[in-house]
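Trainee: Handing you this structure, nothing more for now.
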Amino acid sequence: MQGLTVSSAIHPERLEQFHQLQGQLQNRWRSVDRDDAGDCDILVVPSLSLDQQELQKVKGVHYYEERLLFSLIRLRNPRTRLIYITSQPIHPSVIDYYLQLLPGIPFSHARERLLLFCTYDSSDKALSQKS
């Protein structure tokens, strides 16, 4: 398998689709920034809708709910409120880490506009199916 590159292992049509989508990413992100100027409420539900039996095989799968914490960057707009839902509580130091990354925004201001909601449900159901 020496000399095999990722691009040669992928079907050429799929690779072309990937490159087209990748080329659109920068413009799409800019449009998010433009639309983020007014009052905004954001709801984040990081649910995994995969085969639950397969997910049980993944060590630490409950941490996957933290994969969308990058969305806290939207709190850089002082008129944005964000609700983040999880099945188990996220450790406060993890939240603090992300909020400290916000450029020019006092930590306390961003924290006031963040609501963490936890279902306290560690069952194997997808988060979007928990009540």
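Letters for chains follow the order of the structure tokens (A, B, ...), residue numbers begin at 1 for each chain, and ligand numbers begin at 1 in the order shown.
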For region 54-104 of chain A against region 41-50 of chain A, with a cut-off of 6 Å and counting only C-alpha atoms, what is the closest atom pair and its distance in Å to one decimal for every residue that makes the cut, ordered by chain and number, as a Markdown table?

Mentor:
| residue | atom | partner | partner_atom | distance |
| --- | --- | --- | --- | --- |
| A:Glu65 | CA | A:Pro46 | CA | 5.2 |
| A:Thr80 | CA | A:Asp41 | CA | 5.8 |
| A:Arg81 | CA | A:Asp41 | CA | 4.9 |
| A:Leu82 | CA | A:Ile42 | CA | 4.7 |
| A:Ile83 | CA | A:Leu43 | CA | 4.9 |
| A:Tyr84 | CA | A:Val44 | CA | 4.8 |
| A:Ile85 | CA | A:Val45 | CA | 5.4 |

Trainee: Can you write out the residues you just picked, keeping C-alpha atoms, as a short mmCIF file (atom, residue, chain, number, x, y, z; two decimals), in the first residue's frame?

Mentor:
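And here's result-v1.cif as it stands now:
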data_model
loop_
_atom_site.label_atom_id
_atom_site.label_comp_id
_atom_site.auth_asym_id
_atom_site.auth_seq_id
_atom_site.Cartn_x
_atom_site.Cartn_y
_atom_site.Cartn_z
CA GLU A 65 -22.26 16.09 23.01
CA THR A 80 -27.05 36.63 21.07
CA ARG A 81 -28.35 34.16 23.63
CA LEU A 82 -27.43 30.47 23.35
CA ILE A 83 -29.14 27.43 24.86
CA TYR A 84 -27.01 24.27 24.91
CA ILE A 85 -28.76 21.00 25.76
#

Trainee: Going by DSSP on the backbone, which bits of chain A are alpha helix (DSSP H)? Write them as a PyMOL selection string, please.

Mentor: chain A and resi 6-9+12-35+52-55+92-100+107-112

Trainee: What lies within 12 Å of region 67-77 of chain A using only C-alpha atoms, ignoring chain neighbours under 4 positions off, as a ChimeraX atom specification?

Mentor: /A:29,32-48,61-63,81-86,90,94-116

Trainee: Can I get the selection written as a short mmCIF file (atom, residue, chain, number, x, y, z; two decimals), in the first residue's frame, with N, CA and C atoms?

Mentor:
data_model
loop_
_atom_site.label_atom_id
_atom_site.label_comp_id
_atom_site.auth_asym_id
_atom_site.auth_seq_id
_atom_site.Cartn_x
_atom_site.Cartn_y
_atom_site.Cartn_z
N TRP A 29 -19.52 30.66 5.92
CA TRP A 29 -19.17 31.15 7.26
C TRP A 29 -19.29 32.67 7.32
N VAL A 32 -22.85 33.66 7.87
CA VAL A 32 -23.25 33.47 9.26
C VAL A 32 -22.86 34.69 10.07
N ASP A 33 -21.64 35.18 9.85
CA ASP A 33 -21.18 36.37 10.57
C ASP A 33 -22.04 37.58 10.25
N ARG A 34 -22.41 37.76 8.98
CA ARG A 34 -23.25 38.90 8.59
C ARG A 34 -24.64 38.81 9.23
N ASP A 35 -25.19 37.62 9.28
CA ASP A 35 -26.53 37.42 9.83
C ASP A 35 -26.55 37.46 11.35
N ASP A 36 -25.39 37.51 11.96
CA ASP A 36 -25.27 37.45 13.41
C ASP A 36 -25.21 38.85 14.04
N ALA A 37 -25.73 39.85 13.37
CA ALA A 37 -25.61 41.22 13.86
C ALA A 37 -26.75 41.64 14.78
N GLY A 38 -27.91 41.01 14.67
CA GLY A 38 -29.06 41.42 15.46
C GLY A 38 -29.31 40.50 16.63
N ASP A 39 -30.49 40.68 17.25
CA ASP A 39 -30.90 39.80 18.34
C ASP A 39 -31.03 38.39 17.80
N CYS A 40 -30.55 37.43 18.57
CA CYS A 40 -30.55 36.06 18.08
C CYS A 40 -30.61 35.09 19.27
N ASP A 41 -31.48 34.12 19.17
CA ASP A 41 -31.52 33.02 20.13
C ASP A 41 -31.12 31.76 19.38
N ILE A 42 -30.15 31.04 19.91
CA ILE A 42 -29.63 29.84 19.26
C ILE A 42 -29.85 28.66 20.19
N LEU A 43 -30.41 27.60 19.63
CA LEU A 43 -30.62 26.36 20.37
C LEU A 43 -29.69 25.30 19.78
N VAL A 44 -28.85 24.71 20.64
CA VAL A 44 -27.91 23.68 20.20
C VAL A 44 -28.30 22.36 20.87
N VAL A 45 -28.62 21.36 20.02
CA VAL A 45 -28.96 20.02 20.50
C VAL A 45 -28.01 19.05 19.81
N PRO A 46 -26.87 18.76 20.42
CA PRO A 46 -25.86 17.90 19.78
C PRO A 46 -26.20 16.42 19.88
N SER A 47 -27.26 16.02 19.21
CA SER A 47 -27.74 14.65 19.29
C SER A 47 -27.05 13.76 18.25
N LEU A 48 -26.77 12.54 18.63
CA LEU A 48 -26.21 11.54 17.72
C LEU A 48 -27.34 10.59 17.32
N VAL A 61 -18.38 7.95 24.58
CA VAL A 61 -19.32 8.49 23.59
C VAL A 61 -20.13 9.66 24.14
N HIS A 62 -20.36 9.70 25.44
CA HIS A 62 -21.15 10.80 26.02
C HIS A 62 -20.45 12.15 25.83
N TYR A 63 -19.15 12.14 25.61
CA TYR A 63 -18.44 13.39 25.38
C TYR A 63 -18.70 13.97 23.99
N ARG A 81 -28.19 35.07 22.49
CA ARG A 81 -28.35 34.16 23.63
C ARG A 81 -28.25 32.74 23.07
N LEU A 82 -27.63 31.83 23.82
CA LEU A 82 -27.43 30.47 23.35
C LEU A 82 -27.89 29.49 24.41
N ILE A 83 -28.68 28.51 23.99
CA ILE A 83 -29.14 27.43 24.86
C ILE A 83 -28.47 26.15 24.38
N TYR A 84 -27.75 25.49 25.26
CA TYR A 84 -27.01 24.27 24.91
C TYR A 84 -27.58 23.13 25.75
N ILE A 85 -28.10 22.11 25.08
CA ILE A 85 -28.76 21.00 25.76
C ILE A 85 -27.85 19.77 25.74
N THR A 86 -27.75 19.09 26.88
CA THR A 86 -26.96 17.86 26.98
C THR A 86 -27.72 16.83 27.80
N ILE A 90 -22.04 19.27 31.62
CA ILE A 90 -20.68 19.51 31.13
C ILE A 90 -19.91 20.17 32.27
N VAL A 94 -14.79 23.17 31.34
CA VAL A 94 -14.85 23.02 29.89
C VAL A 94 -15.57 24.23 29.29
N ILE A 95 -16.68 24.61 29.90
CA ILE A 95 -17.43 25.78 29.44
C ILE A 95 -16.57 27.03 29.58
N ASP A 96 -15.93 27.18 30.73
CA ASP A 96 -15.05 28.34 30.96
C ASP A 96 -13.96 28.43 29.89
N TYR A 97 -13.40 27.29 29.53
CA TYR A 97 -12.35 27.27 28.50
C TYR A 97 -12.86 27.90 27.21
N TYR A 98 -14.02 27.46 26.75
CA TYR A 98 -14.55 27.98 25.48
C TYR A 98 -14.91 29.46 25.59
N LEU A 99 -15.48 29.86 26.70
CA LEU A 99 -15.86 31.27 26.86
C LEU A 99 -14.64 32.18 26.93
N GLN A 100 -13.53 31.69 27.47
CA GLN A 100 -12.30 32.49 27.53
C GLN A 100 -11.72 32.73 26.14
N LEU A 101 -12.13 31.94 25.16
CA LEU A 101 -11.62 32.09 23.79
C LEU A 101 -12.30 33.22 23.01
N LEU A 102 -13.37 33.78 23.56
CA LEU A 102 -14.10 34.83 22.86
C LEU A 102 -13.29 36.12 22.86
N PRO A 103 -12.93 36.61 21.70
CA PRO A 103 -12.09 37.81 21.63
C PRO A 103 -12.86 39.08 22.01
N GLY A 104 -12.32 39.82 22.96
CA GLY A 104 -12.88 41.11 23.33
C GLY A 104 -14.20 41.07 24.07
N ILE A 105 -14.64 39.91 24.51
CA ILE A 105 -15.90 39.78 25.23
C ILE A 105 -15.60 39.39 26.67
N PRO A 106 -16.07 40.18 27.63
CA PRO A 106 -15.86 39.78 29.03
C PRO A 106 -16.54 38.42 29.29
N PHE A 107 -15.83 37.57 29.95
CA PHE A 107 -16.31 36.22 30.26
C PHE A 107 -17.69 36.26 30.89
N SER A 108 -17.88 37.14 31.86
CA SER A 108 -19.15 37.20 32.59
C SER A 108 -20.31 37.59 31.69
N HIS A 109 -20.08 38.45 30.69
CA HIS A 109 -21.14 38.86 29.77
C HIS A 109 -21.59 37.68 28.92
N ALA A 110 -20.63 36.92 28.42
CA ALA A 110 -20.97 35.76 27.60
C ALA A 110 -21.67 34.70 28.46
N ARG A 111 -21.19 34.50 29.67
CA ARG A 111 -21.77 33.48 30.56
C ARG A 111 -23.23 33.80 30.89
N GLU A 112 -23.55 35.08 31.04
CA GLU A 112 -24.93 35.48 31.35
C GLU A 112 -25.90 35.14 30.21
N ARG A 113 -25.39 35.06 29.00
CA ARG A 113 -26.23 34.80 27.83
C ARG A 113 -26.21 33.34 27.39
N LEU A 114 -25.60 32.50 28.20
CA LEU A 114 -25.52 31.07 27.92
C LEU A 114 -26.37 30.31 28.94
N LEU A 115 -27.30 29.51 28.43
CA LEU A 115 -28.12 28.66 29.29
C LEU A 115 -27.77 27.22 28.98
N LEU A 116 -27.29 26.52 29.99
CA LEU A 116 -26.97 25.10 29.85
C LEU A 116 -28.15 24.32 30.43
#

Trainee: Please give the complete set of residues from chain A that DSSP, run on the backbone, assigns to strand (DSSP E or B), formatted as a list of chain:residue names.

Mentor: A:Cys40, A:Asp41, A:Ile42, A:Leu43, A:Val44, A:Thr80, A:Arg81, A:Leu82, A:Ile83, A:Tyr84, A:Ile85, A:Thr86, A:Leu114, A:Leu115, A:Leu116, A:Phe117, A:Cys118

Trainee: Report as a ChimeraX atom specification all protein, DNA and RNA residues lying within 10 Å of Lys130 (chain A), evaluated on only C-alpha atoms, omitting residues in the same chain fewer than 2 positions from it.

Mentor: /A:47,86-87,119-128

Trainee: Those residues you just picked out, can you put them in a file as a short mmCIF file (atom, residue, chain, number, x, y, z; two decimals), in the first residue's frame with N, CA and C atoms?

Mentor:
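out00.cif, written as the output of this step:
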data_model
loop_
_atom_site.label_atom_id
_atom_site.label_comp_id
_atom_site.auth_asym_id
_atom_site.auth_seq_id
_atom_site.Cartn_x
_atom_site.Cartn_y
_atom_site.Cartn_z
N SER A 47 -27.26 16.02 19.21
CA SER A 47 -27.74 14.65 19.29
C SER A 47 -27.05 13.76 18.25
N THR A 86 -27.75 19.09 26.88
CA THR A 86 -26.96 17.86 26.98
C THR A 86 -27.72 16.83 27.80
N SER A 87 -27.28 15.58 27.71
CA SER A 87 -27.91 14.54 28.52
C SER A 87 -27.28 14.47 29.91
N THR A 119 -30.64 17.11 30.64
CA THR A 119 -31.78 16.21 30.87
C THR A 119 -31.51 15.22 32.00
N TYR A 120 -30.26 15.09 32.42
CA TYR A 120 -29.85 14.11 33.43
C TYR A 120 -30.36 12.72 33.05
N ASP A 121 -30.18 12.38 31.80
CA ASP A 121 -30.65 11.11 31.26
C ASP A 121 -29.49 10.45 30.51
N SER A 122 -28.88 9.45 31.12
CA SER A 122 -27.74 8.79 30.50
C SER A 122 -28.15 7.55 29.71
N SER A 123 -29.43 7.43 29.39
CA SER A 123 -29.91 6.28 28.61
C SER A 123 -29.30 6.30 27.22
N ASP A 124 -29.48 5.21 26.50
CA ASP A 124 -28.88 5.06 25.17
C ASP A 124 -29.66 5.77 24.07
N LYS A 125 -30.75 6.42 24.40
CA LYS A 125 -31.52 7.13 23.38
C LYS A 125 -30.76 8.36 22.90
N ALA A 126 -31.02 8.75 21.66
CA ALA A 126 -30.44 9.98 21.13
C ALA A 126 -30.96 11.16 21.94
N LEU A 127 -30.16 12.18 22.12
CA LEU A 127 -30.53 13.35 22.92
C LEU A 127 -31.83 13.98 22.42
N SER A 128 -32.03 14.01 21.12
CA SER A 128 -33.25 14.60 20.56
C SER A 128 -34.50 13.79 20.90
#

Trainee: Record the distance separating CA of Pro92 (chain A) and CA of Arg79 (chain A), expressed in Å with one decimal.

Mentor: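 That distance, rounded to one decimal, is 22.9 Å.
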